[in-house]
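A.B. asks: So that we are looking at the same thing, I have put the structure below in structure tokens.
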Amino acid sequence: MSDVNPASALRRRSLLKYTGALGAAAAITTTLSACSGGPESTNDTGADGKGGAGTLTAVIGYGNDGSWDPTQTASAFSMAANHHLYEGLLDTDPIDREPYAALATGIPADLTATTWKFTLRPGATWHDGKPVTADDVVFTFDRILDPGTTTLAKGFFVTWLKEVRKVDAKSVELVLRFPFPDGAPRLTLAKIMPKHVFGRPGGWEKATAGTAVGSGPYRMTAHNPKSNTNFAAFDEYNGPRRAAFRKMTWLTIVDAAPRVAKISGAGADAQIADNIPYANIAQLEKDGLEVGSGAGMNHLFLLFNTAHKPFDDVRVRQALHYAIDTEKMIEAALRGHGRAASSFLNEENPTHRRARTVYGYDPAKARRLLAEAGVKDLEIDLMAVNVSWLVDCLPTIKASWDAIGVRTALEPQETTAVFTKLDQRKDFQVVAAASNPNQFGLDADLIVRYNYGPENLWMRYARWADSSEARRLFALMDRATREPEPARKKEMTREYIDIVAENAVIYPVVHNELVTAWDPRKLAGTRAQAYPGINVLQSKPAG
């Protein structure tokens with residue numbers, strides 16, 4: 001048992017009012033040669049980066065075997081790594097998410113204009129030594145905006161960005177559909193990729209599998225799926241956030257106990273670890289580690305297959321939410337480091353408002369809704385990802401659903417296995433998974449569009465996008481996106497989030513903190529972030 005008082009711990013460790021899931025500011029970059037293999041590759045190039053000093057070993061509580069394509073991935077490990085391997089025209093600070101010039105030389109002076117011009121940083125090169133050009137920028141955005149290609153990044157851009165034009169070899173213009181200043185921080189999600197590598201036949205498949213050739217401060221030297229990914233400082237990097245470490249090794253350890261053991265005790269050989277279990281906080285602090293966290297959009301959510309009866313009936317979806325004893329879940333599984341969802345958005349989000357439909361624990365109402373829907377003797381196979389804190393929550397869901405007469409079987413499995421089944425459109429009933437749209441940004445429009453939109457991958461999983469209620473939601477979302485007046489935009493966003501809450505197709509059960517720990521005797525300048533993974537681009541060896 002932890003000797004930390006959960007309520008005081010939640011207050012003390014809410015260092016960040018609004019950011020996402022949790023990690024810590026650490027850094028990576030990746031690069032493989034254009035012809036390197038994908039996940040089967042276990043070859044280390046052996047090449048030392050001359051930049052930086054010392055070696056950093058990090059432990060990540062998420063798998064490194066998901067997609068590595070920056071236009072497609074939502075993998076916590078890959079996204080964190082890609083922020084160090086690749087650059088956007090603009091990137092954002094990992095904590096306050098303010099944009100700064102990365103591959104571009106500056107931020108447009110007038111973000112309310114409908115044309116933004118960017119000039120590329122002189123001397124910027126890819127990890128294979130070739131120069132970064134405007135053709136690479138156009139190539140990347142063409143993929144994202146291509147009407148015939150479904151990518152995760154598309155939903156963050158297609159509503160407001162019309163096209164990207166080459167001006168000359170080192171400059172481009174972004175043509176907007178309407179004024180949209182919120183688009184500037186989103187440019188970090190369009191990691192610019194080399195056309196000569198990924199424009200070849202099979203290039204995007206290689207990107208998915210683990211080939212990484214970027215322009216960032218680190219390059220990839222080895223990628224061993226389900227084990228580790230290694231990085232070295234990129235000597236030719238001349239951008240704003242240089243590598244502080246000569247080498248980095250990121251270990252993927254999903255199970256909590258061995259992950260904690262890597263950073264604590266006499267045998268500790270890592271300097272930083274994310275996704276720390278709440279029960280270990282006090283002991284890690286006692287051992288002299290710095291422990292930080294942040295309250296944000298990290299959450300456990302339920303995804304329903306609306307093509308699988310009876311989950312097409314909103315009353316059934318609502319019933320299963322009302323049935324969950326969230327306070328018991330927060331106390332027993334999250335050790336007080338969470339809140340029952342009162343909206344799709346977490347309470348720290350500036351756009352948050354208590355939704356018209358809030359799923360407080362009400363088993364009687366859950367039974368009544370099931371009866372109204374004519375559902376009896378329901379049996380559910382609950383497929384779930386194996387993220388450690390979420391697995392701790394599953395017994396509460398099972399006990400709650402069993403208590404209202406819904407026989408529930410728990411099926412936790414590797415995250416990649418879950419999403420492979422979803423991508424293959426295999427039948428399922430309900431999925432419990434962890435998510436944090438704050439990986440992508442902070443604005444409410446972006447957060448909702450991560451899960452909801454007419455061409456959204458999640459909508460494809462839920463089989464809901466063609467419903468009349470979904471079409472009504474998407475139309476309201478588009479109108480809110482175009483609204484120029486901030487107060488009116490916020491109110492319109494709150495109104496459509498009420499529709500999201502009422503339908504509960506993809507909807508949070510609890511929002512929770514994630515915790516990162518690091519050794520301050522070995523790492524300086526490290527900051528906790530409120531979304532998964534780490535970012536050490538502003539960290540450095542201590543001393």
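Residues are named by chain letter and number: chains run A, B, ... in the order of the structure tokens, numbers start at 1 in each chain, and ligands are numbered from 1 in the order shown.
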Residues near Pro484 in chain A, anyone? I mean within 12 Å using only C-alpha atoms, not counting same-chain ones fewer than 4 positions away, as a VMD selection string.
C.D. replies: chain A and resid 112 178 to 182 479 to 480 488 to 490 492
A.B. asks: Output N, CA and C atoms for every residue in that selection, as a JSON list (two decimals), in the first residue's frame.
C.D. replies:
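In the end it all went to selection09.json:
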```
[["chain", "number", "residue", "atom", "x", "y", "z"],
["A", 112, "THR", "N", -3.65, 35.58, -38.61],
["A", 112, "THR", "CA", -5.05, 35.70, -39.04],
["A", 112, "THR", "C", -5.16, 35.79, -40.56],
["A", 178, "PHE", "N", -9.80, 29.57, -44.44],
["A", 178, "PHE", "CA", -10.34, 30.70, -43.69],
["A", 178, "PHE", "C", -9.32, 31.04, -42.60],
["A", 179, "PRO", "N", -9.38, 32.20, -41.99],
["A", 179, "PRO", "CA", -8.40, 32.52, -40.94],
["A", 179, "PRO", "C", -8.48, 31.50, -39.80],
["A", 180, "PHE", "N", -7.34, 31.00, -39.40],
["A", 180, "PHE", "CA", -7.32, 29.96, -38.36],
["A", 180, "PHE", "C", -6.00, 30.01, -37.60],
["A", 181, "PRO", "N", -5.85, 30.97, -36.69],
["A", 181, "PRO", "CA", -4.61, 31.08, -35.92],
["A", 181, "PRO", "C", -4.26, 29.83, -35.12],
["A", 182, "ASP", "N", -5.29, 29.04, -34.71],
["A", 182, "ASP", "CA", -5.03, 27.82, -33.96],
["A", 182, "ASP", "C", -4.26, 26.78, -34.78],
["A", 479, "ARG", "N", -18.81, 24.11, -38.30],
["A", 479, "ARG", "CA", -19.23, 25.49, -38.09],
["A", 479, "ARG", "C", -18.44, 26.12, -36.95],
["A", 480, "ALA", "N", -18.21, 25.36, -35.90],
["A", 480, "ALA", "CA", -17.44, 25.88, -34.76],
["A", 480, "ALA", "C", -15.99, 26.16, -35.16],
["A", 488, "ARG", "N", -17.78, 32.89, -28.89],
["A", 488, "ARG", "CA", -18.82, 32.14, -29.60],
["A", 488, "ARG", "C", -18.31, 30.77, -30.01],
["A", 489, "LYS", "N", -17.06, 30.68, -30.42],
["A", 489, "LYS", "CA", -16.46, 29.40, -30.80],
["A", 489, "LYS", "C", -16.47, 28.44, -29.61],
["A", 490, "LYS", "N", -16.13, 28.95, -28.44],
["A", 490, "LYS", "CA", -16.12, 28.10, -27.24],
["A", 490, "LYS", "C", -17.52, 27.57, -26.94],
["A", 492, "MET", "N", -20.04, 27.19, -29.06],
["A", 492, "MET", "CA", -20.44, 26.23, -30.09],
["A", 492, "MET", "C", -19.76, 24.88, -29.86]]
```
A.B. asks: Would you pick out the contacts of Leu457 in chain A at 10 Å or less, using only C-alpha atoms, so that residues sharing its chain but fewer than 4 positions from it are not included, and give the list as a VMD selection string?
C.D. replies: chain A and resid 72 150 to 152 155 422 to 423 450 to 453 461 to 463
A.B. asks: Select from range 340-389 of chain A every residue with an atom at most 9 Å from any atom of range 278-299 of chain A, then for each give the shortest pair of atoms and their distance in Å to one decimal, using only C-alpha atoms, rows by chain and rising number, as a Markdown table.
C.D. replies:
```
| residue | atom | partner | partner_atom | distance |
| --- | --- | --- | --- | --- |
| A:Ala341 | CA | A:His299 | CA | 8.6 |
| A:Phe344 | CA | A:Met297 | CA | 8.9 |
| A:Leu345 | CA | A:Met297 | CA | 6.7 |
| A:Asn346 | CA | A:Met297 | CA | 5.4 |
| A:Glu347 | CA | A:Gly296 | CA | 8.0 |
| A:Glu348 | CA | A:Gly296 | CA | 6.6 |
| A:Asn349 | CA | A:Gly296 | CA | 7.5 |
| A:Trp389 | CA | A:Tyr278 | CA | 8.7 |
```
A.B. asks: Can you spit out the residues from that selection as a short mmCIF file (atom, residue, chain, number, x, y, z; two decimals), in the first residue's frame, using N, CA, C and O atoms?
C.D. replies:
```cif
data_model
loop_
_atom_site.label_atom_id
_atom_site.label_comp_id
_atom_site.auth_asym_id
_atom_site.auth_seq_id
_atom_site.Cartn_x
_atom_site.Cartn_y
_atom_site.Cartn_z
N ALA A 341 -15.32 11.23 -15.48
CA ALA A 341 -15.51 12.15 -16.60
C ALA A 341 -16.83 12.91 -16.42
O ALA A 341 -17.88 12.30 -16.23
N PHE A 344 -16.49 15.13 -22.30
CA PHE A 344 -15.44 14.52 -23.10
C PHE A 344 -14.10 15.14 -22.73
O PHE A 344 -13.08 14.45 -22.67
N LEU A 345 -14.08 16.45 -22.46
CA LEU A 345 -12.86 17.16 -22.08
C LEU A 345 -12.58 17.00 -20.59
O LEU A 345 -13.51 16.88 -19.78
N ASN A 346 -11.31 17.02 -20.23
CA ASN A 346 -10.93 17.03 -18.82
C ASN A 346 -11.27 18.39 -18.21
O ASN A 346 -11.40 19.40 -18.90
N GLU A 347 -11.40 18.42 -16.88
CA GLU A 347 -11.88 19.62 -16.21
C GLU A 347 -10.91 20.79 -16.29
O GLU A 347 -11.31 21.94 -16.13
N GLU A 348 -9.62 20.52 -16.53
CA GLU A 348 -8.64 21.59 -16.62
C GLU A 348 -8.67 22.31 -17.97
O GLU A 348 -8.10 23.39 -18.12
N ASN A 349 -9.33 21.71 -18.95
CA ASN A 349 -9.39 22.32 -20.28
C ASN A 349 -10.22 23.61 -20.22
O ASN A 349 -11.32 23.61 -19.67
N TRP A 389 -1.85 0.82 -15.91
CA TRP A 389 -2.85 1.45 -15.05
C TRP A 389 -4.26 1.12 -15.51
O TRP A 389 -5.18 1.00 -14.68
#
```
A.B. asks: Nearest to Val448 in chain A among A:Gly66, A:Pro412, A:Pro201, A:Pro508, with distances taken over only C-alpha atoms: which residue is it?
C.D. replies: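 Of A:Gly66, A:Pro412, A:Pro201, A:Pro508, the one nearest Val448 in chain A is A:Pro508, counting only C-alpha atoms.
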A.B. asks: Which residues are near Lys247 in chain A? Cut-off 7 Å, only C-alpha atoms, ignore same chain within fewer than 6 positions. Put them as JSON, numbers by chain.
C.D. replies: {"A": [49, 54, 55, 56, 231, 232, 233]}
A.B. asks: Which residues are close to Tyr496 in chain A, i.e. within 8 Å by only C-alpha atoms, leaving aside same-chain residues fewer than 5 positions away? Reply as a PyMOL selection string.
C.D. replies: chain A and resi 473+476-477
A.B. asks: Please provide the set of residues having any atom within 9 Å of Gln318 in chain A, restricted to only C-alpha atoms, with same-chain residues fewer than 3 positions apart removed, written as a list of chain:residue names.
C.D. replies: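 Once the nearby chain positions are removed, what remains is A:Asp313, A:Val314, A:Arg315, A:His321, A:Tyr322, A:Ala323, A:Tyr359, A:Ala366, A:Leu369, A:Glu502, A:Asn503, A:Ala504.
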A.B. asks: Any chance you could list, as a VMD selection string, the residues in range 241-465 of chain A that come up strand (DSSP E or B) when DSSP is run on the backbone?
C.D. replies: chain A and resid 247 to 252 272 to 273 290 to 294 299 to 304 338 to 340 379 to 385 407 to 413 430 to 435
A.B. asks: Looking at only C-alpha atoms, which of A:Lys130, A:Arg353, A:His308, A:Arg527 is the one that sits closest to Met193 in chain A?
C.D. replies: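 That would be A:Lys130, the residue with the smallest distance to Met193 in chain A.
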A.B. asks: Closest to Asp128 in chain A among A:Val213, A:Met329, A:Ala266, A:Ala524, using only C-alpha atoms?
C.D. replies: A:Val213
A.B. asks: When you count only C-alpha atoms, which of these residues is closest to Ala432 in chain A: A:Arg97, A:Lys398, A:Arg471, A:Arg339?
C.D. replies: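 Checking each candidate against Ala432 in chain A, we get A:Lys398 as the closest.
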A.B. asks: Skip Leu370 in chain A itself and residues of its chain fewer than 3 positions away, then list as a list in words all residues within 10 Å of it, counting only C-alpha atoms.
C.D. replies: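 Near neighbours after the sequence-gap exclusion: Pro310, Asp313, Arg315, Val316, Arg317, Gln318, Ala319, Leu320, Lys365, Ala366, Arg367, Ala373, Gly374, Val375, Lys376, Leu378, Ile404, Gly405 and Val406 of chain A.
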A.B. asks: Restricted to N, CA and C atoms, what would the selected residues look like written as an mmCIF file, in the first residue's frame?
C.D. replies:
```
data_model
loop_
_atom_site.group_PDB
_atom_site.id
_atom_site.type_symbol
_atom_site.label_atom_id
_atom_site.label_comp_id
_atom_site.auth_asym_id
_atom_site.auth_seq_id
_atom_site.Cartn_x
_atom_site.Cartn_y
_atom_site.Cartn_z
ATOM 1 N N PRO A 310 -26.351 -5.230 -29.454
ATOM 2 C CA PRO A 310 -27.288 -4.103 -29.324
ATOM 3 C C PRO A 310 -26.595 -2.744 -29.154
ATOM 4 N N ASP A 313 -27.799 0.794 -30.199
ATOM 5 C CA ASP A 313 -28.814 1.484 -29.402
ATOM 6 C C ASP A 313 -28.124 2.356 -28.352
ATOM 7 N N ARG A 315 -29.194 3.704 -25.803
ATOM 8 C CA ARG A 315 -29.563 3.369 -24.424
ATOM 9 C C ARG A 315 -28.653 2.295 -23.834
ATOM 10 N N VAL A 316 -28.217 1.383 -24.659
ATOM 11 C CA VAL A 316 -27.309 0.332 -24.186
ATOM 12 C C VAL A 316 -25.942 0.930 -23.865
ATOM 13 N N ARG A 317 -25.454 1.790 -24.743
ATOM 14 C CA ARG A 317 -24.155 2.431 -24.494
ATOM 15 C C ARG A 317 -24.205 3.270 -23.219
ATOM 16 N N GLN A 318 -25.304 4.016 -23.067
ATOM 17 C CA GLN A 318 -25.436 4.823 -21.860
ATOM 18 C C GLN A 318 -25.528 3.946 -20.610
ATOM 19 N N ALA A 319 -26.273 2.870 -20.708
ATOM 20 C CA ALA A 319 -26.438 1.982 -19.553
ATOM 21 C C ALA A 319 -25.098 1.454 -19.057
ATOM 22 N N LEU A 320 -24.248 1.066 -19.978
ATOM 23 C CA LEU A 320 -22.962 0.501 -19.581
ATOM 24 C C LEU A 320 -22.062 1.560 -18.939
ATOM 25 N N LYS A 365 -30.527 3.036 -12.925
ATOM 26 C CA LYS A 365 -30.803 3.646 -14.227
ATOM 27 C C LYS A 365 -30.233 2.783 -15.344
ATOM 28 N N ALA A 366 -29.085 2.173 -15.125
ATOM 29 C CA ALA A 366 -28.489 1.299 -16.133
ATOM 30 C C ALA A 366 -29.411 0.120 -16.438
ATOM 31 N N ARG A 367 -29.971 -0.496 -15.383
ATOM 32 C CA ARG A 367 -30.893 -1.626 -15.602
ATOM 33 C C ARG A 367 -32.137 -1.156 -16.338
ATOM 34 N N ALA A 373 -34.453 -0.861 -23.760
ATOM 35 C CA ALA A 373 -33.892 -1.271 -25.056
ATOM 36 C C ALA A 373 -34.235 -2.720 -25.393
ATOM 37 N N GLY A 374 -34.914 -3.403 -24.469
ATOM 38 C CA GLY A 374 -35.290 -4.798 -24.698
ATOM 39 C C GLY A 374 -34.114 -5.755 -24.642
ATOM 40 N N VAL A 375 -33.098 -5.409 -23.898
ATOM 41 C CA VAL A 375 -31.874 -6.217 -23.833
ATOM 42 C C VAL A 375 -31.873 -7.030 -22.549
ATOM 43 N N LYS A 376 -31.746 -8.351 -22.703
ATOM 44 C CA LYS A 376 -31.653 -9.250 -21.558
ATOM 45 C C LYS A 376 -30.511 -10.238 -21.796
ATOM 46 N N LEU A 378 -27.338 -10.082 -21.624
ATOM 47 C CA LEU A 378 -26.240 -9.594 -22.455
ATOM 48 C C LEU A 378 -24.915 -10.134 -21.943
ATOM 49 N N ILE A 404 -25.191 -5.640 -12.866
ATOM 50 C CA ILE A 404 -26.468 -5.291 -13.509
ATOM 51 C C ILE A 404 -26.935 -6.395 -14.448
ATOM 52 N N GLY A 405 -26.303 -7.556 -14.326
ATOM 53 C CA GLY A 405 -26.730 -8.709 -15.115
ATOM 54 C C GLY A 405 -26.074 -8.838 -16.466
ATOM 55 N N VAL A 406 -24.981 -8.101 -16.715
ATOM 56 C CA VAL A 406 -24.247 -8.204 -17.976
ATOM 57 C C VAL A 406 -22.986 -9.038 -17.702
#
```
A.B. asks: Which of range 35-212 of chain A end up as alpha helix (DSSP H) when DSSP is run on this backbone - answer as number ranges by chain?
C.D. replies: A: 76-85, 134-145, 154-157, 183-186, 195-198, 203-209
A.B. asks: Residues of range 68-161 of chain A within 10 Å of range 223-229 of chain A: nearest atom pair and distance (Å, one decimal) for each, counting only C-alpha atoms, sorted by chain and number, as JSON lines?
C.D. replies:
```
{"residue": "A:Phe77", "atom": "CA", "partner": "A:Thr229", "partner_atom": "CA", "distance": 9.7}
{"residue": "A:Ser78", "atom": "CA", "partner": "A:Thr229", "partner_atom": "CA", "distance": 9.9}
{"residue": "A:Ala81", "atom": "CA", "partner": "A:Thr229", "partner_atom": "CA", "distance": 9.1}
```
A.B. asks: Would you please work out which residue, of A:Val385, A:Val515, A:Leu161, A:Ala124, is nearest to Asp235 in chain A when using only C-alpha atoms?
C.D. replies: A:Ala124
A.B. asks: Rank A:Ala268, A:Gln424, A:Gly441, A:Leu446 by their smallest atom-to-atom distance to Phe157 in chain A, using only C-alpha atoms, and report the top residue only.
C.D. replies: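 Nearest candidate to Phe157 in chain A out of A:Ala268, A:Gln424, A:Gly441, A:Leu446: A:Leu446.
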A.B. asks: Name the residues in contact with Pro240 in chain A at a cut-off of 9 Å, using only C-alpha atoms, excluding same-chain residues fewer than 4 positions from it; report them as a PyMOL selection string.
C.D. replies: chain A and resi 100-102
A.B. asks: Measure the distance from CA of Asn230 in chain A to CA of Met248 in chain A in Å and round it to one decimal.
C.D. replies: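 Distance between the two atoms: 5.7 Å.
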A.B. asks: Calculate how many Å separate CA of Thr57 in chain A from CA of Asp93 in chain A, rounding to one decimal.
C.D. replies: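 According to the coordinates, CA of Thr57 in chain A and CA of Asp93 in chain A are separated by 22.2 Å.
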